[in-house]
$ cat structure28.txt   # compact mmCIF, C-alpha atoms
# COMPACT_ATOMS: atom_id res chain seq x y z
CA MET U 1 0.00 0.00 0.00
CA ARG U 2 1.22 3.50 -0.88
CA ARG U 3 2.20 5.66 2.05
CA PRO U 4 -0.13 8.66 2.47
CA THR U 5 1.44 12.12 2.37
CA ASP U 6 1.13 14.51 5.31
CA HIS U 7 -1.39 16.60 3.40
CA GLU U 8 -3.61 13.58 2.64
CA LEU U 9 -3.42 12.66 6.31
CA GLU U 10 -4.51 16.17 7.31
CA LEU U 11 -7.38 16.17 4.82
CA SER U 12 -8.80 12.95 6.24
CA VAL U 13 -8.39 14.35 9.75
CA ALA U 14 -10.18 17.59 8.82
CA GLY U 15 -13.07 15.66 7.27
CA MET U 16 -13.42 13.67 10.48
CA LEU U 17 -13.36 16.86 12.57
CA ARG U 18 -16.15 18.38 10.51
CA PHE U 19 -18.21 15.23 10.90
CA GLY U 20 -17.66 15.21 14.67
CA VAL U 21 -18.61 18.86 15.15
CA THR U 22 -21.70 18.51 12.95
CA ALA U 23 -22.90 15.37 14.76
CA ALA U 24 -22.30 17.00 18.15
CA ALA U 25 -24.17 20.15 17.12
CA ILE U 26 -27.17 18.20 15.77
CA VAL U 27 -27.51 16.05 18.91
CA SER U 28 -27.12 18.95 21.34
CA ILE U 29 -29.44 21.29 19.40
CA PHE U 30 -32.07 18.51 19.40
CA GLY U 31 -31.65 18.24 23.18
CA GLY U 32 -31.84 22.03 23.49
CA LEU U 33 -35.13 22.18 21.59
CA LEU U 34 -36.60 19.43 23.77
CA TYR U 35 -35.40 21.34 26.82
CA LEU U 36 -37.09 24.60 25.77
CA ARG U 37 -40.33 22.76 24.91
CA GLN U 38 -40.86 21.66 28.49
CA PRO U 39 -44.01 23.29 29.94
CA HIS U 40 -42.54 24.31 33.28
CA LEU U 41 -38.92 25.27 32.88
CA PRO U 42 -37.09 25.23 36.15
CA ILE U 43 -35.46 28.56 37.02
CA THR U 44 -31.83 27.71 37.47
CA ARG U 45 -29.43 30.00 39.23
CA TYR U 46 -25.85 30.10 38.07
CA GLU U 47 -24.39 32.70 40.46
CA THR U 48 -23.13 30.03 42.78
CA PHE U 49 -21.57 26.79 41.72
CA ARG U 50 -23.18 23.49 42.60
CA ALA U 51 -21.54 20.41 41.21
CA GLY U 52 -24.85 18.57 40.71
CA GLY U 53 -25.53 14.84 40.78
CA PRO U 54 -23.76 12.15 38.79
CA GLY U 55 -26.50 12.29 36.11
CA LEU U 56 -24.67 14.92 34.07
CA ARG U 57 -21.13 14.27 35.28
CA THR U 58 -20.45 10.66 34.38
CA LEU U 59 -20.74 8.90 31.04
CA ALA U 60 -22.97 6.23 32.59
CA GLY U 61 -25.25 8.88 34.07
CA ILE U 62 -25.49 10.80 30.80
CA TRP U 63 -26.23 7.59 28.89
CA HIS U 64 -28.91 6.62 31.40
CA GLY U 65 -30.59 10.02 30.98
CA MET U 66 -30.29 9.80 27.18
CA VAL U 67 -32.21 6.53 27.09
CA HIS U 68 -35.00 8.19 29.08
CA LEU U 69 -34.99 11.17 26.67
CA ASP U 70 -34.01 13.63 29.38
CA PRO U 71 -33.30 16.88 27.46
CA LYS U 72 -30.31 17.93 29.58
CA SER U 73 -28.71 14.51 29.17
CA ILE U 74 -29.17 14.68 25.39
CA ILE U 75 -27.45 18.09 25.29
CA GLN U 76 -24.66 16.75 27.49
CA PHE U 77 -24.27 13.69 25.23
CA GLY U 78 -23.82 16.04 22.27
CA LEU U 79 -21.13 17.90 24.22
CA VAL U 80 -19.40 14.59 25.03
CA LEU U 81 -19.38 13.83 21.28
CA LEU U 82 -17.72 17.20 20.76
CA ILE U 83 -15.08 16.47 23.40
CA ALA U 84 -14.46 13.08 21.79
CA THR U 85 -13.76 14.66 18.38
CA PRO U 86 -10.16 15.77 19.08
CA VAL U 87 -9.54 12.38 20.70
CA ALA U 88 -10.65 10.69 17.46
CA ARG U 89 -8.33 13.07 15.63
CA VAL U 90 -5.36 11.76 17.59
CA VAL U 91 -6.45 8.15 16.87
CA PHE U 92 -6.53 9.05 13.15
CA CYS U 93 -2.99 10.42 13.44
CA VAL U 94 -1.74 7.24 15.15
CA ILE U 95 -3.10 5.20 12.21
CA GLY U 96 -1.79 7.70 9.67
CA PHE U 97 1.73 7.73 11.12
CA ALA U 98 1.65 3.92 11.27
CA ARG U 99 0.80 3.80 7.56
CA GLN U 100 3.66 6.22 6.89
CA LYS U 101 5.86 3.85 8.90
CA ASP U 102 6.97 6.75 11.09
CA ARG U 103 7.60 4.84 14.31
CA LEU U 104 8.74 7.89 16.31
CA TYR U 105 5.46 9.69 15.69
CA VAL U 106 3.34 6.62 16.36
CA VAL U 107 4.91 6.67 19.84
CA VAL U 108 4.46 10.46 20.24
CA SER U 109 0.79 10.39 19.23
CA CYS U 110 0.14 7.36 21.47
CA MET U 111 1.51 9.39 24.39
CA VAL U 112 -0.93 12.21 23.64
CA LEU U 113 -3.75 9.66 23.32
CA MET U 114 -2.93 8.18 26.71
CA VAL U 115 -3.12 11.60 28.41
CA LEU U 116 -6.51 12.24 26.76
CA LEU U 117 -7.89 8.85 27.77
CA TYR U 118 -6.68 9.39 31.32
CA SER U 119 -8.62 12.69 31.46
CA LEU U 120 -11.77 11.18 29.96
CA SER U 121 -11.62 8.21 32.32
CA SER U 122 -12.08 10.65 35.22
CA GLY U 123 -15.60 11.11 33.86
CA VAL U 124 -16.23 7.37 33.94
CA ARG U 125 -15.46 6.87 37.59
CA MET B 1 -35.21 35.86 34.05
CA SER B 2 -36.80 32.92 32.24
CA VAL B 3 -34.56 30.18 30.97
CA PHE B 4 -35.54 30.95 27.37
CA ALA B 5 -34.62 34.63 27.66
CA PHE B 6 -31.40 33.81 29.51
CA SER B 7 -30.33 31.24 26.89
CA SER B 8 -31.14 33.60 24.00
CA LEU B 9 -29.20 36.48 25.54
CA LEU B 10 -26.31 34.13 26.19
CA PHE B 11 -26.42 32.94 22.57
CA PHE B 12 -26.25 36.47 21.13
CA ALA B 13 -23.52 37.55 23.55
CA SER B 14 -21.56 34.46 22.49
CA ILE B 15 -21.90 35.36 18.81
CA ALA B 16 -20.40 38.76 19.62
CA ALA B 17 -17.62 37.10 21.64
CA GLY B 18 -16.87 34.67 18.80
CA LEU B 19 -16.75 37.53 16.28
CA LEU B 20 -14.45 39.56 18.50
CA GLY B 21 -12.26 36.54 19.17
CA ALA B 22 -11.87 35.75 15.48
CA MET B 23 -11.22 39.37 14.47
CA THR B 24 -8.51 39.90 17.07
CA GLY B 25 -7.15 36.41 16.53
CA LEU B 26 -7.41 35.70 20.26
CA GLY B 27 -10.17 33.08 20.09
CA GLY B 28 -13.67 33.23 21.52
CA GLY B 29 -12.79 31.73 24.90
CA VAL B 30 -10.84 34.68 26.27
CA VAL B 31 -13.77 36.98 25.53
CA ILE B 32 -16.71 34.83 26.63
CA VAL B 33 -15.43 34.01 30.13
CA PRO B 34 -15.28 37.66 31.27
CA VAL B 35 -18.62 38.34 29.57
CA LEU B 36 -20.25 35.44 31.44
CA ALA B 37 -18.60 36.28 34.75
CA LEU B 38 -18.95 40.08 34.68
CA LEU B 39 -22.16 40.65 32.69
CA PHE B 40 -24.20 37.51 33.33
CA LYS B 41 -22.91 36.98 36.88
CA VAL B 42 -22.38 33.30 36.15
CA ASP B 43 -20.03 31.46 38.54
CA ILE B 44 -16.55 31.38 37.01
CA ARG B 45 -16.48 27.57 37.05
CA TYR B 46 -19.56 27.37 34.82
CA ALA B 47 -18.03 30.10 32.66
CA ILE B 48 -14.74 28.30 32.05
CA GLY B 49 -16.58 24.99 31.49
CA ALA B 50 -18.78 26.49 28.78
CA SER B 51 -15.84 28.34 27.28
CA LEU B 52 -13.72 25.19 27.04
CA VAL B 53 -16.49 23.40 25.13
CA SER B 54 -16.77 26.34 22.72
CA VAL B 55 -12.99 26.30 22.24
CA ILE B 56 -13.13 22.66 21.07
CA ALA B 57 -15.96 23.47 18.64
CA THR B 58 -14.20 26.51 17.16
CA SER B 59 -10.85 24.80 16.78
CA SER B 60 -12.36 21.75 15.08
CA GLY B 61 -14.70 23.85 12.94
CA ALA B 62 -11.90 26.10 11.69
CA ALA B 63 -9.58 23.18 10.94
CA ILE B 64 -11.13 22.45 7.56
CA ALA B 65 -10.31 25.96 6.31
CA TYR B 66 -6.74 25.77 7.59
CA VAL B 67 -6.10 22.37 6.06
CA ARG B 68 -6.88 23.74 2.59
CA GLU B 69 -4.02 26.22 3.05
CA GLY B 70 -1.79 23.25 3.80
CA LEU B 71 0.45 25.20 6.16
CA SER B 72 0.00 23.42 9.48
CA ASN B 73 2.66 20.96 10.53
CA ILE B 74 1.16 17.82 12.10
CA ARG B 75 4.45 16.57 13.53
CA VAL B 76 5.27 19.85 15.25
CA GLY B 77 1.68 19.94 16.52
CA MET B 78 1.66 16.37 17.79
CA PHE B 79 5.06 16.66 19.48
CA LEU B 80 4.07 19.85 21.31
CA GLU B 81 0.67 18.39 22.24
CA VAL B 82 2.52 16.06 24.62
CA ALA B 83 3.44 19.22 26.56
CA THR B 84 0.10 21.02 26.24
CA THR B 85 -2.06 18.02 27.25
CA LEU B 86 0.08 17.32 30.32
CA GLY B 87 -0.11 21.02 31.18
CA ALA B 88 -3.89 20.93 30.69
CA LEU B 89 -4.19 18.10 33.23
CA LEU B 90 -2.25 20.20 35.75
CA GLY B 91 -4.39 23.26 34.96
CA ALA B 92 -7.66 21.37 35.37
CA TYR B 93 -6.36 19.97 38.67
CA LEU B 94 -5.47 23.49 39.86
CA THR B 95 -8.95 24.94 39.15
CA ALA B 96 -10.25 22.93 42.10
CA LYS B 97 -7.42 24.14 44.38
CA ILE B 98 -7.31 27.84 43.54
CA SER B 99 -10.12 30.21 44.58
CA GLY B 100 -12.28 31.92 41.97
CA HIS B 101 -10.73 35.32 42.85
CA TRP B 102 -7.30 34.12 41.83
CA ILE B 103 -8.58 32.55 38.64
CA ALA B 104 -10.15 35.92 37.76
CA VAL B 105 -6.88 37.78 38.40
CA ILE B 106 -4.79 35.31 36.35
CA PHE B 107 -7.42 35.50 33.63
CA GLY B 108 -7.13 39.29 33.54
CA VAL B 109 -3.35 39.13 33.20
CA VAL B 110 -3.64 36.65 30.31
CA LEU B 111 -6.19 38.94 28.62
CA LEU B 112 -3.83 41.92 28.86
CA TYR B 113 -0.94 39.86 27.49
CA SER B 114 -3.11 38.56 24.63
CA ALA B 115 -4.23 42.06 23.67
CA VAL B 116 -0.65 43.29 23.54
CA SER B 117 0.57 40.25 21.61
CA SER B 118 -2.08 40.74 18.91
CA PHE B 119 -0.17 43.86 17.84
CA ARG B 120 3.18 42.18 17.45
CA SER B 121 4.53 42.48 13.95
CA ASN B 122 5.26 39.12 12.42
CA VAL B 123 8.56 38.90 10.63
CA ASP B 124 9.60 35.40 9.64
CA HIS B 125 13.18 34.33 10.19
CA LEU B 126 13.41 30.94 8.55
CA VAL B 127 15.96 28.65 10.18
CA ALA B 128 17.80 26.26 7.89
CA VAL B 129 17.69 22.53 8.69
CA GLN B 130 20.88 21.33 10.33
CA PRO B 131 21.32 17.57 10.43
CA GLY B 132 21.98 16.03 13.85
CA THR B 133 20.16 18.68 15.87
CA LEU B 134 17.26 17.82 18.17
CA ALA B 135 14.83 19.42 15.72
CA SER B 136 15.91 17.24 12.82
CA LYS B 137 15.96 14.10 14.99
CA LEU B 138 12.37 14.86 16.01
CA GLU B 139 11.43 15.67 12.39
CA LEU B 140 10.37 19.20 13.38
CA THR B 141 10.96 20.56 9.92
CA GLY B 142 8.78 21.43 6.97
CA ARG B 143 8.22 23.21 3.72
CA TYR B 144 6.73 26.67 3.58
CA THR B 145 5.38 28.20 0.39
CA SER B 146 4.86 31.96 0.27
CA ALA B 147 5.04 34.68 -2.35
CA ASP B 148 8.85 34.32 -2.35
CA GLY B 149 8.68 30.65 -3.30
CA THR B 150 9.05 27.42 -1.35
CA ARG B 151 11.56 27.23 1.48
CA ILE B 152 12.48 24.63 4.04
CA TYR B 153 12.24 25.55 7.72
CA SER B 154 13.29 23.93 10.96
CA ALA B 155 12.43 24.48 14.62
CA GLU B 156 14.92 26.07 17.00
CA ARG B 157 15.26 25.95 20.81
CA VAL B 158 13.01 22.87 21.06
CA PRO B 159 13.25 22.31 24.87
CA LEU B 160 12.32 25.93 25.65
CA GLY B 161 9.43 25.81 23.18
CA PHE B 162 8.25 22.57 24.77
CA GLY B 163 8.39 24.17 28.22
CA ILE B 164 6.35 27.22 27.16
CA MET B 165 3.83 24.86 25.58
CA PHE B 166 3.43 23.17 28.97
CA ILE B 167 2.58 26.59 30.45
CA ALA B 168 0.16 27.25 27.58
CA GLY B 169 -1.55 23.95 28.37
CA THR B 170 -1.74 24.76 32.08
CA LEU B 171 -3.37 28.13 31.34
CA SER B 172 -5.80 26.43 28.97
CA GLY B 173 -6.83 23.90 31.62
CA LEU B 174 -6.95 26.50 34.40
CA LEU B 175 -8.93 29.17 32.54
CA GLY B 176 -10.92 27.19 29.97
CA ILE B 177 -9.35 29.03 27.03
CA GLY B 178 -7.44 27.91 23.94
CA SER B 179 -4.44 30.05 24.95
CA GLY B 180 -3.59 30.47 21.27
CA ALA B 181 -1.54 33.60 22.01
CA VAL B 182 0.92 31.67 24.22
CA LYS B 183 1.07 28.77 21.75
CA VAL B 184 1.92 31.11 18.90
CA LEU B 185 4.54 32.79 21.13
CA ALA B 186 6.24 29.43 21.68
CA MET B 187 6.26 28.44 18.02
CA ASP B 188 6.77 31.79 16.33
CA GLN B 189 9.02 33.71 18.75
CA VAL B 190 10.90 30.89 20.50
CA MET B 191 11.06 28.06 17.98
CA LYS B 192 11.31 30.48 15.01
CA LEU B 193 8.73 28.68 12.93
CA PRO B 194 7.07 30.76 10.16
CA PHE B 195 4.19 32.83 11.55
CA LYS B 196 1.50 31.27 9.34
CA VAL B 197 2.70 27.78 10.24
CA SER B 198 2.54 28.74 13.93
CA THR B 199 -1.00 30.10 13.81
CA THR B 200 -2.48 27.21 11.80
CA THR B 201 -0.69 24.53 13.83
CA SER B 202 -1.79 26.30 17.02
CA ASN B 203 -5.43 26.03 15.91
CA PHE B 204 -5.05 22.29 15.49
CA MET B 205 -3.46 21.93 18.91
CA ILE B 206 -6.10 23.97 20.73
CA GLY B 207 -8.83 21.32 20.34
CA VAL B 208 -6.67 18.45 21.60
CA THR B 209 -5.36 20.53 24.51
CA ALA B 210 -8.89 21.53 25.51
CA ALA B 211 -10.10 17.92 25.31
CA ALA B 212 -7.45 16.96 27.86
CA SER B 213 -9.04 19.15 30.55
CA ALA B 214 -12.65 18.74 29.33
CA GLY B 215 -12.95 15.22 30.74
CA ILE B 216 -11.94 16.48 34.18
CA TYR B 217 -14.26 19.52 33.90
CA LEU B 218 -17.16 17.20 33.02
CA SER B 219 -16.60 14.94 35.99
CA ARG B 220 -16.47 17.97 38.31
CA GLY B 221 -19.75 19.37 36.98
CA TYR B 222 -18.22 22.54 35.44
CA ILE B 223 -19.99 21.81 32.16
CA ASP B 224 -23.63 22.83 32.61
CA PRO B 225 -25.55 21.68 29.51
CA THR B 226 -27.79 24.73 29.13
CA ILE B 227 -25.04 27.35 29.47
CA ALA B 228 -22.52 25.34 27.46
CA LEU B 229 -24.93 24.73 24.56
CA SER B 230 -25.86 28.41 24.07
CA VAL B 231 -22.24 29.50 24.42
CA MET B 232 -20.86 26.78 22.16
CA LEU B 233 -23.32 27.47 19.32
CA GLY B 234 -22.95 31.24 19.64
CA VAL B 235 -19.16 31.30 19.72
CA LEU B 236 -19.00 28.82 16.82
CA CYS B 237 -21.33 30.96 14.65
CA GLY B 238 -19.54 34.16 15.62
CA SER B 239 -16.06 32.90 14.91
CA LEU B 240 -16.98 31.29 11.58
CA LEU B 241 -18.58 34.61 10.61
CA GLY B 242 -15.56 36.53 11.89
CA THR B 243 -13.11 34.41 9.89
CA ARG B 244 -15.10 35.10 6.69
CA VAL B 245 -15.10 38.85 7.34
CA LEU B 246 -11.41 38.74 8.15
CA VAL B 247 -10.56 37.01 4.87
CA LYS B 248 -12.46 39.63 2.88
CA ALA B 249 -11.15 42.81 4.47
CA ARG B 250 -8.04 43.96 6.27
CA VAL B 251 -9.56 45.52 9.32
CA SER B 252 -6.71 47.01 11.32
CA MET B 253 -8.88 49.85 12.64
CA LEU B 254 -11.52 47.40 13.91
CA LYS B 255 -8.78 45.25 15.39
CA GLN B 256 -7.47 48.20 17.42
CA ILE B 257 -10.92 48.99 18.79
CA PHE B 258 -11.43 45.36 19.76
CA ALA B 259 -8.03 45.18 21.44
CA VAL B 260 -9.08 48.12 23.62
CA VAL B 261 -12.24 46.18 24.56
CA VAL B 262 -10.10 43.20 25.54
CA VAL B 263 -7.83 45.43 27.67
CA VAL B 264 -10.89 46.85 29.47
CA LEU B 265 -12.21 43.32 30.12
CA GLY B 266 -8.79 42.29 31.44
CA CYS B 267 -8.59 45.23 33.90
CA GLU B 268 -12.17 44.57 35.02
CA MET B 269 -11.37 40.89 35.67
CA ILE B 270 -8.30 41.77 37.77
CA TYR B 271 -10.25 44.43 39.70
CA SER B 272 -13.21 42.09 40.32
CA GLY B 273 -10.89 39.30 41.39
CA ILE B 274 -9.00 41.49 43.89
CA THR B 275 -12.14 43.09 45.34
CA GLY B 276 -13.72 39.64 45.63
CA ARG B 277 -16.70 40.30 43.35
CA ILE B 278 -15.87 37.21 41.30
$ encode --input "structure28.txt" --output "structure tokens"
Amino acid sequence: MRRPTDHELELSVAGMLRFGVTAAAIVSIFGGLLYLRQPHLPITRYETFRAGGPGLRTLAGIWHGMVHLDPKSIIQFGLVLLIATPVARVVFCVIGFARQKDRLYVVVSCMVLMVLLYSLSSGVR
Amino acid sequence: MSVFAFSSLLFFASIAAGLLGAMTGLGGGVVIVPVLALLFKVDIRYAIGASLVSVIATSSGAAIAYVREGLSNIRVGMFLEVATTLGALLGAYLTAKISGHWIAVIFGVVLLYSAVSSFRSNVDHLVAVQPGTLASKLELTGRYTSADGTRIYSAERVPLGFGIMFIAGTLSGLLGIGSGAVKVLAMDQVMKLPFKVSTTTSNFMIGVTAAASAGIYLSRGYIDPTIALSVMLGVLCGSLLGTRVLVKARVSMLKQIFAVVVVVLGCEMIYSGITGRI
């Protein structure tokens, strides 16, 4: 198989980024519309910070709310998709560098991926 | 205020912030956090959470335009992302340890620095590739095509650049911003990469850096879905619009006015932080 050039690699990455942002926007806008359609919107105060329950802070909680069509959970799921987009970008780069047989940069991008997965795993616990 | 009115106001303010961020080249995040904290009286933790989400959206959304130019350097970006993502973890950790007053003061200082740096003239000094140096071992070289033809460039002072990138990442994780100004400083001023290469590569790095602290923000509850959605959509629309306008016209006058706005926001943040209003 022919080795892809850097520019081809970047083009595939950019296409993926656009897909990720679009998907995230569609899901979260859908959730936002559902949220605004509720008959009695709760008045939420944002002057003081309250961490809130695990429903919107963990992936399991967000998924659970999604299944029950909770508007806030759907918005949050869209935002999680958005956060996952750069992570997918790094995965794309790992594959791309592997196809270019650039071992040094496979290692470098794996290091970045590990830091990202560590951060995201804090939302799983 | 009803949730609908609040969300709509937030959306329009975010469009303005995105526009301003794109026109000054500072990014929407540095503008929206003070707007949320000072104007909307939103707790700074919600503000930086929403801002960080918008930063990921803008960086990813703008990437497609930058890729067409073909100037960004994925190896330079990926290598420096090791520093920025580690810094972002530290920054996100620090947000829980430092009081909101201090975050506001640090934010103000970064705003002032960013405003000043947006006026720096950009003269490229291309460094020739020297075999055997750290930069060539790490493949931190590339080709740059401008009006003068195609030239080869190489990075200089790699360890110092890497160190400044760690600081850029820490600021990003601490303040919920892209910290593009510090990233460009490291690549353009320290590592002597061509200015256009620095700015486009910086855009690519911003999304990955922000994602490194976003997971921690989410688990701490900094990302409130209603605030983050309005802000994310608004900043994204504003900055895409701003980039279009910027391509069409050279707006140095507008840029100066906006820089003054950013300076005012910066002073207000420092003042509010010291007096304990944030």
$ residues_around --input "structure28.txt" --residues "range 84-92 of chain U" --least-positions-apart "4" --cutoff "10 Å" --atoms "all atoms listed in the file" --output "number ranges by chain"
U: 9-10, 12-21, 23-24, 78-80, 96-98, 106, 109-114, 116-117, 120; B: 56-57, 59-60, 78, 204-212, 214-215
$ closest_residue --input "structure28.txt" --among "U:Met66, U:Ile74, U:Glu47, U:Ala60" --to "chain B" --atoms "all atoms listed in the file"
U:Glu47
$ closest_residue --input "structure28.txt" --among "U:Leu81, U:Leu33, U:Ile26, U:Cys93" --to "Trp63 in chain U" --atoms "all atoms listed in the file"
U:Leu81
$ atom_distance --input "structure28.txt" --atom1 "CA of Thr243 in chain B" --atom2 "CA of Ile257 in chain B"
17.2 Å
$ axis_aligned_box --input "structure28.txt" --around "range 45-63 of chain U" --padding-each-side "3 Å" --output "JSON"
{"center_x": -24.9, "center_y": 19.5, "center_z": 35.8, "size_x": 15.0, "size_y": 32.5, "size_z": 19.9}
$ residues_around --input "structure28.txt" --residues "range 22-36 of chain B" --least-positions-apart "4" --cutoff "9 Å" --atoms "only C-alpha atoms" --output "MDAnalysis selection string"
chainID B and resid 10 13:18 40:44 46:48 50:52 54:55 58:59 104 107:108 110:111 114:115 118 175:181 231 235:236 238:243 245:246 251 254:256 258:259 262 265:266 268:269
$ atom_distance --input "structure28.txt" --atom1 "CA of Leu229 in chain B" --atom2 "CA of Ala25 in chain U"
8.8 Å
$ closest_residue --input "structure28.txt" --among "B:Arg143, B:Arg157, B:His125, B:Lys97" --to "chain U" --atoms "only C-alpha atoms"
B:Arg143
$ closest_residue --input "structure28.txt" --among "U:Arg99, U:Arg37, U:Arg45, U:Arg3" --to "Pro71 in chain U" --atoms "only C-alpha atoms"
U:Arg37
$ atom_distance --input "structure28.txt" --atom1 "CA of Gln38 in chain U" --atom2 "CA of Arg50 in chain U"
22.7 Å
$ closest_residue --input "structure28.txt" --among "U:Pro4, U:Gly53, U:Gly61, U:Pro39" --to "Arg220 in chain B" --atoms "all atoms listed in the file"
U:Gly53
$ closest_residue --input "structure28.txt" --among "U:Val27, U:Ile62, U:Val108, U:Val67" --to "chain B" --atoms "only C-alpha atoms"
U:Val108
$ residues_near_point --input "structure28.txt" --point "(-20.2, 18.9, 35.5)" --cutoff "6 Å" --atoms "all atoms listed in the file" --output "list in words"
Arg57 of chain U; Leu218, Ser219, Arg220, Gly221, Tyr222, Ile223 and Asp224 of chain B
$ decode --input "structure28.txt" --residues "range 103-170 of chain B" --atoms "C-alpha atoms" --output "PDB file, in the first residue's frame"
ATOM      1  CA  ILE B 103      -8.585  32.545  38.643  1.00  0.00           C
ATOM      2  CA  ALA B 104     -10.147  35.921  37.755  1.00  0.00           C
ATOM      3  CA  VAL B 105      -6.875  37.780  38.405  1.00  0.00           C
ATOM      4  CA  ILE B 106      -4.785  35.306  36.350  1.00  0.00           C
ATOM      5  CA  PHE B 107      -7.415  35.502  33.635  1.00  0.00           C
ATOM      6  CA  GLY B 108      -7.130  39.290  33.543  1.00  0.00           C
ATOM      7  CA  VAL B 109      -3.346  39.132  33.195  1.00  0.00           C
ATOM      8  CA  VAL B 110      -3.635  36.651  30.308  1.00  0.00           C
ATOM      9  CA  LEU B 111      -6.190  38.942  28.623  1.00  0.00           C
ATOM     10  CA  LEU B 112      -3.830  41.919  28.864  1.00  0.00           C
ATOM     11  CA  TYR B 113      -0.945  39.862  27.488  1.00  0.00           C
ATOM     12  CA  SER B 114      -3.112  38.556  24.634  1.00  0.00           C
ATOM     13  CA  ALA B 115      -4.231  42.062  23.668  1.00  0.00           C
ATOM     14  CA  VAL B 116      -0.646  43.292  23.544  1.00  0.00           C
ATOM     15  CA  SER B 117       0.573  40.254  21.605  1.00  0.00           C
ATOM     16  CA  SER B 118      -2.079  40.738  18.915  1.00  0.00           C
ATOM     17  CA  PHE B 119      -0.166  43.859  17.836  1.00  0.00           C
ATOM     18  CA  ARG B 120       3.184  42.177  17.450  1.00  0.00           C
ATOM     19  CA  SER B 121       4.528  42.476  13.945  1.00  0.00           C
ATOM     20  CA  ASN B 122       5.259  39.116  12.423  1.00  0.00           C
ATOM     21  CA  VAL B 123       8.559  38.903  10.634  1.00  0.00           C
ATOM     22  CA  ASP B 124       9.603  35.403   9.638  1.00  0.00           C
ATOM     23  CA  HIS B 125      13.178  34.328  10.188  1.00  0.00           C
ATOM     24  CA  LEU B 126      13.409  30.942   8.552  1.00  0.00           C
ATOM     25  CA  VAL B 127      15.958  28.653  10.177  1.00  0.00           C
ATOM     26  CA  ALA B 128      17.804  26.263   7.890  1.00  0.00           C
ATOM     27  CA  VAL B 129      17.691  22.530   8.693  1.00  0.00           C
ATOM     28  CA  GLN B 130      20.882  21.328  10.331  1.00  0.00           C
ATOM     29  CA  PRO B 131      21.323  17.566  10.435  1.00  0.00           C
ATOM     30  CA  GLY B 132      21.976  16.031  13.852  1.00  0.00           C
ATOM     31  CA  THR B 133      20.164  18.683  15.866  1.00  0.00           C
ATOM     32  CA  LEU B 134      17.264  17.821  18.168  1.00  0.00           C
ATOM     33  CA  ALA B 135      14.829  19.419  15.717  1.00  0.00           C
ATOM     34  CA  SER B 136      15.914  17.240  12.825  1.00  0.00           C
ATOM     35  CA  LYS B 137      15.963  14.096  14.987  1.00  0.00           C
ATOM     36  CA  LEU B 138      12.373  14.859  16.007  1.00  0.00           C
ATOM     37  CA  GLU B 139      11.425  15.666  12.394  1.00  0.00           C
ATOM     38  CA  LEU B 140      10.371  19.199  13.385  1.00  0.00           C
ATOM     39  CA  THR B 141      10.956  20.558   9.923  1.00  0.00           C
ATOM     40  CA  GLY B 142       8.776  21.426   6.965  1.00  0.00           C
ATOM     41  CA  ARG B 143       8.219  23.212   3.722  1.00  0.00           C
ATOM     42  CA  TYR B 144       6.728  26.671   3.576  1.00  0.00           C
ATOM     43  CA  THR B 145       5.376  28.203   0.391  1.00  0.00           C
ATOM     44  CA  SER B 146       4.863  31.957   0.275  1.00  0.00           C
ATOM     45  CA  ALA B 147       5.039  34.680  -2.351  1.00  0.00           C
ATOM     46  CA  ASP B 148       8.854  34.322  -2.346  1.00  0.00           C
ATOM     47  CA  GLY B 149       8.681  30.652  -3.301  1.00  0.00           C
ATOM     48  CA  THR B 150       9.054  27.423  -1.351  1.00  0.00           C
ATOM     49  CA  ARG B 151      11.565  27.229   1.478  1.00  0.00           C
ATOM     50  CA  ILE B 152      12.481  24.626   4.042  1.00  0.00           C
ATOM     51  CA  TYR B 153      12.240  25.554   7.719  1.00  0.00           C
ATOM     52  CA  SER B 154      13.289  23.932  10.955  1.00  0.00           C
ATOM     53  CA  ALA B 155      12.431  24.482  14.621  1.00  0.00           C
ATOM     54  CA  GLU B 156      14.921  26.070  17.002  1.00  0.00           C
ATOM     55  CA  ARG B 157      15.255  25.949  20.814  1.00  0.00           C
ATOM     56  CA  VAL B 158      13.011  22.872  21.063  1.00  0.00           C
ATOM     57  CA  PRO B 159      13.254  22.305  24.867  1.00  0.00           C
ATOM     58  CA  LEU B 160      12.319  25.931  25.655  1.00  0.00           C
ATOM     59  CA  GLY B 161       9.431  25.813  23.184  1.00  0.00           C
ATOM     60  CA  PHE B 162       8.250  22.566  24.766  1.00  0.00           C
ATOM     61  CA  GLY B 163       8.391  24.173  28.223  1.00  0.00           C
ATOM     62  CA  ILE B 164       6.352  27.217  27.163  1.00  0.00           C
ATOM     63  CA  MET B 165       3.827  24.856  25.579  1.00  0.00           C
ATOM     64  CA  PHE B 166       3.427  23.170  28.966  1.00  0.00           C
ATOM     65  CA  ILE B 167       2.576  26.587  30.450  1.00  0.00           C
ATOM     66  CA  ALA B 168       0.160  27.253  27.575  1.00  0.00           C
ATOM     67  CA  GLY B 169      -1.552  23.948  28.365  1.00  0.00           C
ATOM     68  CA  THR B 170      -1.739  24.763  32.076  1.00  0.00           C
TER      69      THR B 170
END
